Amino acid sequence: MSGHPDVTTFFDPPTNTFSYVVKDPDSSSCAIVDSVLDFDYASGRVSHQSADAIIDHVRGRGLTVEWLLETHVHADHLSAAPYIQQAVGGQIAIGANIRVVQETFGKVFNEGSEFQRDGSQFDRLFEDGDTFAIGDLDGRVMHTPGHTPACLTYVIGDAAFVGDTLFMPDSGTARADFPGGDARTLFHSIQKVLALPPETRLFMCHDYGPNGREIRNETTVAEELAHNIHVREGVTEDEFVAMRTARDATLAVPKLIIPSLQVNMKAGELPKPESDGKRYLKVPINGL
């Protein structure tokens with residue numbers, strides 16, 4: 001892989017989520033990674049401030065959106081990919097194992113037979129090792145499951161967008177206790193990321209500013225190897241699995257997991273309007 005993409009970062013404080021516009025430095029082509037649809041759970045209202053900021057950035061710079069990349073089916077925010085696609089185009093892409101996620105959570109939410117569990121809601125399903133282009137910029141797909149079965153890391157030039165697989169060194173790694181998650185699988189996925197060149201820029205999907213430090217979104221492979229509190233050099237697979245399993249047992253369920261999964265496993269599409277013209281989300285009682 002070659003190239004040094006221009007990366008513009010957008011941060012959503014309510015969900016502590018980073019979205020990115022990744023631009024080919026030699027053309028107007030770009031990709032958007034992990035967009036956010038604003039959602040107030042208490043009122044059931046959606047809005048588009050976060051997505052509109054990205055759209056304004058794209059339009060203001062005359063960019064051409066080629067891809068709307070999802071690193072995984074997020075459990076902590078809703079994707080704005082369809083809204084952005086309608087405004088500025090681009091293909092919505094995710095890992096091919098979205099089918100596994102759809103099968104699992106199709107049952108949890110008692111989705112009927114009309115819910116297709118083949119990933120057809122997305123424009124492109126990526127397999128491990130697939131390549132793509134953003135203008136003249138090379139991109140490569142790494143399947144990095146463990147947090148979820150469909151997690152991907154997008155390696156674009158000298159940058160990698162790791163989703164929830166890794167956090168900043170002082171925050172460690174993603175949880176692995178969701179259905180289809182696995183701590184041992186996560187460890188092996190992280191080793192794939194840490195085998196990238198040491199200078200590779202790693203872009204996070206989330207940061208929570210532990211111990212009061214300012215929010216950060218970017219680190220390097222070298223920094224993670226030296227300082228990550230969960231998987232720095234010298235931490236064994238069994239040590240990681242024991243730590244991750246114990247830690248996950250103490251974590252609360254993400255606040256937006258119920259709406260997020262229902263929407264994100266359908267490529268960000270909100271539920272269809274019912275007979276009264278309104279859209280409804282389900283809450284499975286004791287279902288998660």
# chains A, B, ... in the order shown; residues from 1 in each chain; ligands from 1
$ closest_atom_pairs --of "region 77-163 of chain A" --to "region 26-39 of chain A" --cutoff "12 Å" --atoms "only C-alpha atoms" --output "Markdown table"
| residue | atom | partner | partner_atom | distance |
| --- | --- | --- | --- | --- |
| A:His77 | CA | A:Val36 | CA | 6.5 |
| A:Leu78 | CA | A:Leu37 | CA | 5.2 |
| A:Ser79 | CA | A:Val36 | CA | 4.9 |
| A:Ala80 | CA | A:Leu37 | CA | 4.4 |
| A:Ala81 | CA | A:Ser35 | CA | 6.2 |
| A:Pro82 | CA | A:Leu37 | CA | 9.8 |
| A:Tyr83 | CA | A:Leu37 | CA | 8.4 |
| A:Ile84 | CA | A:Ser35 | CA | 8.4 |
| A:Gln85 | CA | A:Ile32 | CA | 10.0 |
| A:Val88 | CA | A:Ile32 | CA | 10.7 |
| A:Gly89 | CA | A:Ala31 | CA | 10.3 |
| A:Gly90 | CA | A:Ala31 | CA | 7.8 |
| A:Gln91 | CA | A:Ala31 | CA | 9.2 |
| A:Ile92 | CA | A:Ile32 | CA | 9.5 |
| A:Ala93 | CA | A:Val33 | CA | 9.8 |
| A:Ile94 | CA | A:Asp34 | CA | 10.3 |
| A:Phe132 | CA | A:Ala31 | CA | 10.8 |
| A:Ala133 | CA | A:Ser29 | CA | 9.3 |
| A:Ile134 | CA | A:Ser29 | CA | 5.7 |
| A:Gly135 | CA | A:Ser29 | CA | 5.1 |
| A:Asp136 | CA | A:Asp26 | CA | 7.2 |
| A:Leu137 | CA | A:Asp26 | CA | 8.4 |
| A:Asp138 | CA | A:Cys30 | CA | 11.6 |
| A:Gly139 | CA | A:Ala31 | CA | 10.5 |
| A:Leu152 | CA | A:Val33 | CA | 11.5 |
| A:Thr153 | CA | A:Val33 | CA | 10.8 |
| A:Tyr154 | CA | A:Val33 | CA | 9.2 |
| A:Val155 | CA | A:Val33 | CA | 11.8 |
| A:Ile156 | CA | A:Ala31 | CA | 10.1 |
| A:Ala160 | CA | A:Val33 | CA | 11.0 |
| A:Phe161 | CA | A:Val33 | CA | 8.0 |
| A:Val162 | CA | A:Val33 | CA | 10.4 |
| A:Gly163 | CA | A:Asp34 | CA | 8.1 |
$ select_by_dssp --residues "region 12-96 of chain A" --states "strand (DSSP E)" --output "mmCIF file with N, CA, C and O atoms, in the first residue's frame"
data_model
loop_
_atom_site.group_PDB
_atom_site.id
_atom_site.type_symbol
_atom_site.label_atom_id
_atom_site.label_comp_id
_atom_site.auth_asym_id
_atom_site.auth_seq_id
_atom_site.Cartn_x
_atom_site.Cartn_y
_atom_site.Cartn_z
ATOM 1 N N ASP A 12 -18.260 13.306 17.838
ATOM 2 C CA ASP A 12 -19.620 13.415 18.363
ATOM 3 C C ASP A 12 -19.581 13.200 19.868
ATOM 4 O O ASP A 12 -19.495 12.048 20.329
ATOM 5 N N THR A 17 -17.836 9.350 19.602
ATOM 6 C CA THR A 17 -17.513 8.690 18.338
ATOM 7 C C THR A 17 -16.763 9.631 17.401
ATOM 8 O O THR A 17 -17.124 10.795 17.248
ATOM 9 N N PHE A 18 -15.734 9.075 16.747
ATOM 10 C CA PHE A 18 -15.026 9.791 15.688
ATOM 11 C C PHE A 18 -15.518 9.312 14.322
ATOM 12 O O PHE A 18 -15.619 8.101 14.082
ATOM 13 N N SER A 19 -15.797 10.259 13.451
ATOM 14 C CA SER A 19 -16.035 9.981 12.041
ATOM 15 C C SER A 19 -14.915 10.648 11.258
ATOM 16 O O SER A 19 -14.293 11.615 11.731
ATOM 17 N N TYR A 20 -14.665 10.129 10.063
ATOM 18 C CA TYR A 20 -13.528 10.634 9.280
ATOM 19 C C TYR A 20 -13.914 10.849 7.820
ATOM 20 O O TYR A 20 -14.673 10.057 7.234
ATOM 21 N N VAL A 21 -13.351 11.910 7.250
ATOM 22 C CA VAL A 21 -13.316 12.064 5.803
ATOM 23 C C VAL A 21 -11.875 11.801 5.381
ATOM 24 O O VAL A 21 -10.945 12.482 5.829
ATOM 25 N N VAL A 22 -11.697 10.780 4.551
ATOM 26 C CA VAL A 22 -10.370 10.324 4.139
ATOM 27 C C VAL A 22 -10.204 10.691 2.660
ATOM 28 O O VAL A 22 -10.895 10.138 1.794
ATOM 29 N N LYS A 23 -9.298 11.597 2.380
ATOM 30 C CA LYS A 23 -9.180 12.155 1.024
ATOM 31 C C LYS A 23 -7.879 11.730 0.352
ATOM 32 O O LYS A 23 -6.809 11.722 0.969
ATOM 33 N N SER A 29 -11.245 12.852 -4.667
ATOM 34 C CA SER A 29 -11.936 11.655 -4.185
ATOM 35 C C SER A 29 -11.751 11.478 -2.682
ATOM 36 O O SER A 29 -10.678 11.757 -2.133
ATOM 37 N N CYS A 30 -12.807 10.986 -2.029
ATOM 38 C CA CYS A 30 -12.722 10.749 -0.591
ATOM 39 C C CYS A 30 -13.628 9.593 -0.187
ATOM 40 O O CYS A 30 -14.462 9.126 -0.961
ATOM 41 N N ALA A 31 -13.436 9.149 1.048
ATOM 42 C CA ALA A 31 -14.312 8.179 1.692
ATOM 43 C C ALA A 31 -14.711 8.747 3.042
ATOM 44 O O ALA A 31 -13.982 9.545 3.646
ATOM 45 N N ILE A 32 -15.866 8.327 3.535
ATOM 46 C CA ILE A 32 -16.345 8.721 4.854
ATOM 47 C C ILE A 32 -16.415 7.459 5.706
ATOM 48 O O ILE A 32 -16.975 6.447 5.289
ATOM 49 N N VAL A 33 -15.823 7.515 6.892
ATOM 50 C CA VAL A 33 -15.745 6.359 7.772
ATOM 51 C C VAL A 33 -16.584 6.595 9.026
ATOM 52 O O VAL A 33 -16.414 7.614 9.708
ATOM 53 N N ASP A 38 -27.550 11.634 14.703
ATOM 54 C CA ASP A 38 -27.891 12.096 16.051
ATOM 55 C C ASP A 38 -29.236 11.512 16.470
ATOM 56 O O ASP A 38 -30.224 11.584 15.723
ATOM 57 N N PHE A 39 -29.273 10.950 17.678
ATOM 58 C CA PHE A 39 -30.498 10.296 18.150
ATOM 59 C C PHE A 39 -30.669 10.540 19.642
ATOM 60 O O PHE A 39 -29.774 10.232 20.435
ATOM 61 N N ASP A 40 -31.799 11.130 20.002
ATOM 62 C CA ASP A 40 -32.141 11.337 21.414
ATOM 63 C C ASP A 40 -33.101 10.233 21.830
ATOM 64 O O ASP A 40 -34.275 10.235 21.430
ATOM 65 N N ARG A 45 -36.211 11.140 18.964
ATOM 66 C CA ARG A 45 -36.027 12.036 17.833
ATOM 67 C C ARG A 45 -34.645 11.878 17.204
ATOM 68 O O ARG A 45 -33.646 11.765 17.914
ATOM 69 N N VAL A 46 -34.620 11.873 15.884
ATOM 70 C CA VAL A 46 -33.352 11.884 15.151
ATOM 71 C C VAL A 46 -33.129 13.276 14.595
ATOM 72 O O VAL A 46 -34.068 14.030 14.324
ATOM 73 N N SER A 47 -31.844 13.630 14.448
ATOM 74 C CA SER A 47 -31.470 14.885 13.805
ATOM 75 C C SER A 47 -30.155 14.660 13.077
ATOM 76 O O SER A 47 -29.577 13.565 13.135
ATOM 77 N N THR A 64 -15.524 14.378 -4.023
ATOM 78 C CA THR A 64 -16.347 13.302 -4.568
ATOM 79 C C THR A 64 -16.302 12.115 -3.612
ATOM 80 O O THR A 64 -15.227 11.556 -3.372
ATOM 81 N N VAL A 65 -17.440 11.744 -3.060
ATOM 82 C CA VAL A 65 -17.498 10.641 -2.101
ATOM 83 C C VAL A 65 -17.611 9.324 -2.860
ATOM 84 O O VAL A 65 -18.594 9.087 -3.573
ATOM 85 N N GLU A 66 -16.613 8.488 -2.701
ATOM 86 C CA GLU A 66 -16.636 7.192 -3.364
ATOM 87 C C GLU A 66 -17.138 6.086 -2.437
ATOM 88 O O GLU A 66 -17.745 5.119 -2.898
ATOM 89 N N TRP A 67 -16.862 6.221 -1.131
ATOM 90 C CA TRP A 67 -17.206 5.166 -0.179
ATOM 91 C C TRP A 67 -17.766 5.751 1.110
ATOM 92 O O TRP A 67 -17.314 6.800 1.580
ATOM 93 N N LEU A 68 -18.732 5.030 1.676
ATOM 94 C CA LEU A 68 -19.218 5.248 3.034
ATOM 95 C C LEU A 68 -18.905 3.962 3.791
ATOM 96 O O LEU A 68 -19.618 2.966 3.680
ATOM 97 N N LEU A 69 -17.800 3.982 4.507
ATOM 98 C CA LEU A 69 -17.240 2.770 5.097
ATOM 99 C C LEU A 69 -17.699 2.608 6.543
ATOM 100 O O LEU A 69 -17.562 3.527 7.355
ATOM 101 N N GLN A 91 -20.709 4.535 -2.090
ATOM 102 C CA GLN A 91 -21.180 3.178 -1.831
ATOM 103 C C GLN A 91 -21.038 2.856 -0.347
ATOM 104 O O GLN A 91 -19.984 3.093 0.245
ATOM 105 N N ILE A 92 -22.099 2.299 0.248
ATOM 106 C CA ILE A 92 -22.066 1.906 1.657
ATOM 107 C C ILE A 92 -21.468 0.503 1.742
ATOM 108 O O ILE A 92 -21.966 -0.433 1.104
ATOM 109 N N ALA A 93 -20.404 0.354 2.538
ATOM 110 C CA ALA A 93 -19.682 -0.916 2.610
ATOM 111 C C ALA A 93 -19.473 -1.338 4.055
ATOM 112 O O ALA A 93 -19.322 -0.513 4.962
ATOM 113 N N ILE A 94 -19.427 -2.661 4.239
ATOM 114 C CA ILE A 94 -19.190 -3.265 5.553
ATOM 115 C C ILE A 94 -18.620 -4.657 5.310
ATOM 116 O O ILE A 94 -18.542 -5.127 4.169
ATOM 117 N N GLY A 95 -18.225 -5.344 6.365
ATOM 118 C CA GLY A 95 -17.685 -6.687 6.231
ATOM 119 C C GLY A 95 -18.743 -7.716 5.857
ATOM 120 O O GLY A 95 -19.907 -7.606 6.254
#
$ closest_residue --among "A:Asp118, A:Glu224, A:Glu233, A:Glu127" --to "Lys266 (chain A)" --atoms "only C-alpha atoms"
A:Asp118
$ residues_around --residues "Pro210 (chain A)" --least-positions-apart "2" --cutoff "12 Å" --atoms "only C-alpha atoms" --output "PyMOL selection string"
chain A and resi 167-172+206-208+212-216
$ write_last_selection --atoms "all heavy atoms" --output "short mmCIF file (atom, residue, chain, number, x, y, z; two decimals), in the first residue's frame"
data_model
loop_
_atom_site.label_atom_id
_atom_site.label_comp_id
_atom_site.auth_asym_id
_atom_site.auth_seq_id
_atom_site.Cartn_x
_atom_site.Cartn_y
_atom_site.Cartn_z
N PHE A 167 -8.26 0.81 21.17
CA PHE A 167 -8.44 2.17 21.65
C PHE A 167 -7.06 2.80 21.81
O PHE A 167 -6.04 2.18 21.55
CB PHE A 167 -9.21 2.18 22.96
CG PHE A 167 -10.64 1.71 22.84
CD1 PHE A 167 -11.23 0.99 23.88
CD2 PHE A 167 -11.40 1.97 21.72
CE1 PHE A 167 -12.54 0.56 23.79
CE2 PHE A 167 -12.72 1.54 21.62
CZ PHE A 167 -13.30 0.84 22.67
N MET A 168 -7.05 4.05 22.27
CA MET A 168 -5.78 4.70 22.58
C MET A 168 -5.02 3.86 23.61
O MET A 168 -5.63 3.11 24.38
CB MET A 168 -6.02 6.11 23.10
CG MET A 168 -6.60 7.06 22.06
SD MET A 168 -5.53 7.31 20.62
CE MET A 168 -4.13 8.13 21.38
N PRO A 169 -3.69 3.95 23.64
CA PRO A 169 -2.90 3.06 24.51
C PRO A 169 -3.34 3.05 25.97
O PRO A 169 -3.31 1.99 26.62
CB PRO A 169 -1.48 3.60 24.36
CG PRO A 169 -1.45 4.15 22.97
CD PRO A 169 -2.80 4.77 22.77
N ASP A 170 -3.80 4.18 26.51
CA ASP A 170 -4.19 4.19 27.91
C ASP A 170 -5.63 3.72 28.14
O ASP A 170 -6.10 3.67 29.27
CB ASP A 170 -3.99 5.59 28.53
CG ASP A 170 -4.80 6.67 27.83
OD1 ASP A 170 -5.37 6.41 26.76
OD2 ASP A 170 -4.82 7.81 28.35
N SER A 171 -6.32 3.35 27.03
CA SER A 171 -7.68 2.83 27.14
C SER A 171 -7.78 1.35 26.77
O SER A 171 -8.78 0.71 27.09
CB SER A 171 -8.63 3.63 26.24
OG SER A 171 -8.74 4.96 26.69
N GLY A 172 -6.79 0.82 26.06
CA GLY A 172 -6.73 -0.62 25.83
C GLY A 172 -7.42 -1.10 24.58
O GLY A 172 -7.06 -0.73 23.46
N HIS A 206 -13.51 5.56 18.87
CA HIS A 206 -13.98 6.17 20.12
C HIS A 206 -12.80 6.56 21.01
O HIS A 206 -11.73 5.95 20.93
CB HIS A 206 -14.85 5.19 20.93
CG HIS A 206 -16.07 4.73 20.22
ND1 HIS A 206 -17.17 5.52 20.03
CD2 HIS A 206 -16.37 3.53 19.65
CE1 HIS A 206 -18.09 4.85 19.38
NE2 HIS A 206 -17.63 3.64 19.13
N ASP A 207 -13.05 7.54 21.86
CA ASP A 207 -12.14 7.82 22.97
C ASP A 207 -12.96 8.46 24.09
O ASP A 207 -13.89 9.22 23.82
CB ASP A 207 -11.00 8.75 22.55
CG ASP A 207 -9.96 8.89 23.65
OD1 ASP A 207 -9.42 7.85 24.09
OD2 ASP A 207 -9.70 10.02 24.08
N TYR A 208 -12.61 8.11 25.33
CA TYR A 208 -13.38 8.56 26.48
C TYR A 208 -12.53 9.40 27.45
O TYR A 208 -13.00 9.72 28.55
CB TYR A 208 -13.99 7.35 27.20
CG TYR A 208 -14.88 6.54 26.30
CD1 TYR A 208 -14.38 5.45 25.59
CD2 TYR A 208 -16.21 6.90 26.10
CE1 TYR A 208 -15.19 4.71 24.73
CE2 TYR A 208 -17.02 6.18 25.23
CZ TYR A 208 -16.51 5.09 24.55
OH TYR A 208 -17.32 4.38 23.69
N GLY A 212 -9.23 12.05 32.88
CA GLY A 212 -9.38 13.47 32.61
C GLY A 212 -8.54 14.04 31.49
O GLY A 212 -8.55 15.25 31.27
N ARG A 213 -7.80 13.18 30.75
CA ARG A 213 -6.99 13.73 29.65
C ARG A 213 -7.90 14.17 28.51
O ARG A 213 -9.04 13.76 28.40
CB ARG A 213 -5.96 12.71 29.18
CG ARG A 213 -6.50 11.54 28.41
CD ARG A 213 -5.49 11.03 27.39
NE ARG A 213 -5.85 9.72 26.87
CZ ARG A 213 -6.79 9.55 25.93
NH1 ARG A 213 -7.48 10.57 25.46
NH2 ARG A 213 -7.05 8.33 25.49
N GLU A 214 -7.36 15.02 27.65
CA GLU A 214 -8.14 15.49 26.51
C GLU A 214 -8.40 14.35 25.53
O GLU A 214 -7.63 13.38 25.46
CB GLU A 214 -7.44 16.65 25.82
CG GLU A 214 -6.13 16.30 25.14
CD GLU A 214 -5.49 17.49 24.45
OE1 GLU A 214 -5.44 18.57 25.06
OE2 GLU A 214 -5.04 17.31 23.31
N ILE A 215 -9.48 14.47 24.80
CA ILE A 215 -9.88 13.45 23.83
C ILE A 215 -8.84 13.38 22.72
O ILE A 215 -8.38 14.40 22.20
CB ILE A 215 -11.26 13.78 23.24
CG1 ILE A 215 -12.34 13.76 24.34
CG2 ILE A 215 -11.62 12.81 22.12
CD1 ILE A 215 -12.55 12.42 25.00
N ARG A 216 -8.46 12.14 22.35
CA ARG A 216 -7.51 11.91 21.27
C ARG A 216 -8.06 10.84 20.33
O ARG A 216 -8.75 9.91 20.76
CB ARG A 216 -6.16 11.46 21.82
CG ARG A 216 -5.40 12.51 22.62
CD ARG A 216 -4.05 11.96 23.07
NE ARG A 216 -3.24 11.54 21.91
CZ ARG A 216 -2.23 10.67 21.99
NH1 ARG A 216 -1.92 10.12 23.15
NH2 ARG A 216 -1.55 10.35 20.91
#
$ residues_around --residues "Thr245 (chain A)" --least-positions-apart "4" --cutoff "10 Å" --atoms "only C-alpha atoms" --output "PyMOL selection string"
chain A and resi 175-177+182-184+240-241+249-250
$ write_last_selection --atoms "N, CA, C and O atoms" --output "mmCIF file, in the first residue's frame"
data_model
loop_
_atom_site.group_PDB
_atom_site.id
_atom_site.type_symbol
_atom_site.label_atom_id
_atom_site.label_comp_id
_atom_site.auth_asym_id
_atom_site.auth_seq_id
_atom_site.Cartn_x
_atom_site.Cartn_y
_atom_site.Cartn_z
ATOM 1 N N ARG A 175 -14.414 -4.347 24.077
ATOM 2 C CA ARG A 175 -15.044 -5.466 24.765
ATOM 3 C C ARG A 175 -15.310 -6.595 23.767
ATOM 4 O O ARG A 175 -15.403 -6.370 22.551
ATOM 5 N N ALA A 176 -15.463 -7.794 24.299
ATOM 6 C CA ALA A 176 -15.642 -8.961 23.420
ATOM 7 C C ALA A 176 -16.790 -9.837 23.886
ATOM 8 O O ALA A 176 -16.830 -11.028 23.569
ATOM 9 N N ASP A 177 -17.753 -9.250 24.612
ATOM 10 C CA ASP A 177 -18.825 -10.044 25.208
ATOM 11 C C ASP A 177 -20.164 -9.903 24.503
ATOM 12 O O ASP A 177 -21.167 -10.434 24.964
ATOM 13 N N ASP A 182 -15.553 -12.572 20.860
ATOM 14 C CA ASP A 182 -14.687 -13.580 21.468
ATOM 15 C C ASP A 182 -13.336 -12.947 21.772
ATOM 16 O O ASP A 182 -12.699 -12.397 20.874
ATOM 17 N N ALA A 183 -12.906 -13.040 23.028
ATOM 18 C CA ALA A 183 -11.669 -12.379 23.445
ATOM 19 C C ALA A 183 -10.444 -12.969 22.759
ATOM 20 O O ALA A 183 -9.509 -12.241 22.386
ATOM 21 N N ARG A 184 -10.420 -14.266 22.574
ATOM 22 C CA ARG A 184 -9.253 -14.883 21.942
ATOM 23 C C ARG A 184 -9.169 -14.484 20.471
ATOM 24 O O ARG A 184 -8.076 -14.205 19.946
ATOM 25 N N PHE A 240 -4.256 -11.869 28.096
ATOM 26 C CA PHE A 240 -5.237 -10.959 27.520
ATOM 27 C C PHE A 240 -6.651 -11.508 27.687
ATOM 28 O O PHE A 240 -7.571 -10.790 28.100
ATOM 29 N N VAL A 241 -6.850 -12.783 27.365
ATOM 30 C CA VAL A 241 -8.184 -13.375 27.451
ATOM 31 C C VAL A 241 -8.710 -13.313 28.882
ATOM 32 O O VAL A 241 -9.877 -12.971 29.122
ATOM 33 N N ALA A 249 -17.105 -8.560 32.186
ATOM 34 C CA ALA A 249 -18.155 -8.939 33.147
ATOM 35 C C ALA A 249 -18.601 -7.757 34.002
ATOM 36 O O ALA A 249 -19.675 -7.798 34.611
ATOM 37 N N THR A 250 -17.809 -6.684 34.028
ATOM 38 C CA THR A 250 -18.138 -5.518 34.845
ATOM 39 C C THR A 250 -18.779 -4.395 34.036
ATOM 40 O O THR A 250 -19.213 -3.391 34.621
#
$ residues_around --residues "Val283 (chain A)" --least-positions-apart "3" --cutoff "9 Å" --atoms "only C-alpha atoms" --output "PyMOL selection string"
chain A and resi 109+258-259+287
$ residues_around --residues "Pro145 (chain A)" --least-positions-apart "5" --cutoff "9 Å" --atoms "only C-alpha atoms" --output "ChimeraX atom specification"
/A:150-152,165,180-182,185-186,188-189
$ write_last_selection --atoms "C-alpha atoms" --output "CSV table (one decimal), in the first residue's frame"
chain,number,residue,atom,x,y,z
A,150,ALA,CA,-18.1,-8.4,11.1
A,151,CYS,CA,-15.4,-6.0,12.3
A,152,LEU,CA,-13.0,-4.6,9.7
A,165,THR,CA,-10.8,-3.2,17.9
A,180,GLY,CA,-20.5,-13.4,18.3
A,181,GLY,CA,-17.7,-11.7,20.1
A,182,ASP,CA,-14.7,-13.6,21.5
A,185,THR,CA,-10.3,-14.0,18.4
A,186,LEU,CA,-9.9,-10.3,19.3
A,188,HIS,CA,-5.4,-12.5,17.1
A,189,SER,CA,-7.1,-9.6,15.2
$ atom_distance --atom1 "CA of Phe126 (chain A)" --atom2 "CA of Glu103 (chain A)"
17.6 Å
$ closest_residue --among "A:Val193, A:Ile257, A:Leu166, A:Ala53" --to "Ile229 (chain A)" --atoms "only C-alpha atoms"
A:Leu166
$ select_by_dssp --residues "region 61-262 of chain A" --states "alpha helix (DSSP H)" --output "PyMOL selection string"
chain A and resi 81-88+98-108+183-194+221-227+237-248+257-262
$ write_last_selection --atoms "C-alpha atoms" --output "PDB file, in the first residue's frame"
ATOM      1  CA  ALA A  81     -24.702   6.506   5.927  1.00  0.00           C
ATOM      2  CA  PRO A  82     -28.030   6.506   4.010  1.00  0.00           C
ATOM      3  CA  TYR A  83     -28.646  10.175   4.807  1.00  0.00           C
ATOM      4  CA  ILE A  84     -25.165  11.148   3.636  1.00  0.00           C
ATOM      5  CA  GLN A  85     -25.416   8.904   0.575  1.00  0.00           C
ATOM      6  CA  GLN A  86     -28.615  10.628  -0.483  1.00  0.00           C
ATOM      7  CA  ALA A  87     -26.876  13.993  -0.213  1.00  0.00           C
ATOM      8  CA  VAL A  88     -23.441  13.337  -1.714  1.00  0.00           C
ATOM      9  CA  ILE A  98     -22.690  -8.726   8.472  1.00  0.00           C
ATOM     10  CA  ARG A  99     -24.758 -11.766   7.513  1.00  0.00           C
ATOM     11  CA  VAL A 100     -23.813 -13.417  10.814  1.00  0.00           C
ATOM     12  CA  VAL A 101     -24.793 -10.296  12.735  1.00  0.00           C
ATOM     13  CA  GLN A 102     -28.078 -10.031  10.850  1.00  0.00           C
ATOM     14  CA  GLU A 103     -28.923 -13.651  11.586  1.00  0.00           C
ATOM     15  CA  THR A 104     -28.158 -13.218  15.292  1.00  0.00           C
ATOM     16  CA  PHE A 105     -29.988  -9.967  15.870  1.00  0.00           C
ATOM     17  CA  GLY A 106     -32.765 -10.721  13.421  1.00  0.00           C
ATOM     18  CA  LYS A 107     -33.801 -13.315  16.000  1.00  0.00           C
ATOM     19  CA  VAL A 108     -33.257 -10.981  18.975  1.00  0.00           C
ATOM     20  CA  ALA A 183     -11.669 -12.379  23.445  1.00  0.00           C
ATOM     21  CA  ARG A 184      -9.253 -14.883  21.942  1.00  0.00           C
ATOM     22  CA  THR A 185     -10.337 -13.987  18.434  1.00  0.00           C
ATOM     23  CA  LEU A 186      -9.935 -10.317  19.316  1.00  0.00           C
ATOM     24  CA  PHE A 187      -6.371 -10.897  20.486  1.00  0.00           C
ATOM     25  CA  HIS A 188      -5.433 -12.455  17.139  1.00  0.00           C
ATOM     26  CA  SER A 189      -7.134  -9.644  15.226  1.00  0.00           C
ATOM     27  CA  ILE A 190      -5.185  -7.055  17.191  1.00  0.00           C
ATOM     28  CA  GLN A 191      -1.944  -8.835  16.345  1.00  0.00           C
ATOM     29  CA  LYS A 192      -2.779  -8.373  12.663  1.00  0.00           C
ATOM     30  CA  VAL A 193      -3.152  -4.641  13.206  1.00  0.00           C
ATOM     31  CA  LEU A 194       0.040  -4.438  15.258  1.00  0.00           C
ATOM     32  CA  VAL A 221       1.366   0.981  15.781  1.00  0.00           C
ATOM     33  CA  ALA A 222       4.635   1.711  17.571  1.00  0.00           C
ATOM     34  CA  GLU A 223       2.848   3.564  20.382  1.00  0.00           C
ATOM     35  CA  GLU A 224       0.327   0.772  20.821  1.00  0.00           C
ATOM     36  CA  LEU A 225       3.053  -1.885  20.951  1.00  0.00           C
ATOM     37  CA  ALA A 226       4.971   0.067  23.559  1.00  0.00           C
ATOM     38  CA  HIS A 227       2.174   1.361  25.753  1.00  0.00           C
ATOM     39  CA  GLU A 237      -2.790 -14.442  24.623  1.00  0.00           C
ATOM     40  CA  ASP A 238      -3.944 -16.183  27.808  1.00  0.00           C
ATOM     41  CA  GLU A 239      -3.216 -13.088  29.911  1.00  0.00           C
ATOM     42  CA  PHE A 240      -5.237 -10.959  27.520  1.00  0.00           C
ATOM     43  CA  VAL A 241      -8.184 -13.375  27.451  1.00  0.00           C
ATOM     44  CA  ALA A 242      -8.291 -13.557  31.253  1.00  0.00           C
ATOM     45  CA  MET A 243      -8.138  -9.765  31.571  1.00  0.00           C
ATOM     46  CA  ARG A 244     -10.692  -9.102  28.832  1.00  0.00           C
ATOM     47  CA  THR A 245     -13.155 -11.688  30.153  1.00  0.00           C
ATOM     48  CA  ALA A 246     -12.970 -10.339  33.700  1.00  0.00           C
ATOM     49  CA  ARG A 247     -13.270  -6.733  32.581  1.00  0.00           C
ATOM     50  CA  ASP A 248     -16.201  -7.396  30.257  1.00  0.00           C
ATOM     51  CA  ILE A 257     -27.437  -0.688  21.786  1.00  0.00           C
ATOM     52  CA  ILE A 258     -31.124  -1.429  21.140  1.00  0.00           C
ATOM     53  CA  PRO A 259     -31.788   1.268  18.527  1.00  0.00           C
ATOM     54  CA  SER A 260     -28.267   1.074  17.112  1.00  0.00           C
ATOM     55  CA  LEU A 261     -28.334  -2.615  16.284  1.00  0.00           C
ATOM     56  CA  GLN A 262     -31.791  -2.483  14.720  1.00  0.00           C
TER      57      GLN A 262
END
$ atom_distance --atom1 "CA of Gly62 (chain A)" --atom2 "CA of Gly3 (chain A)"
20.8 Å
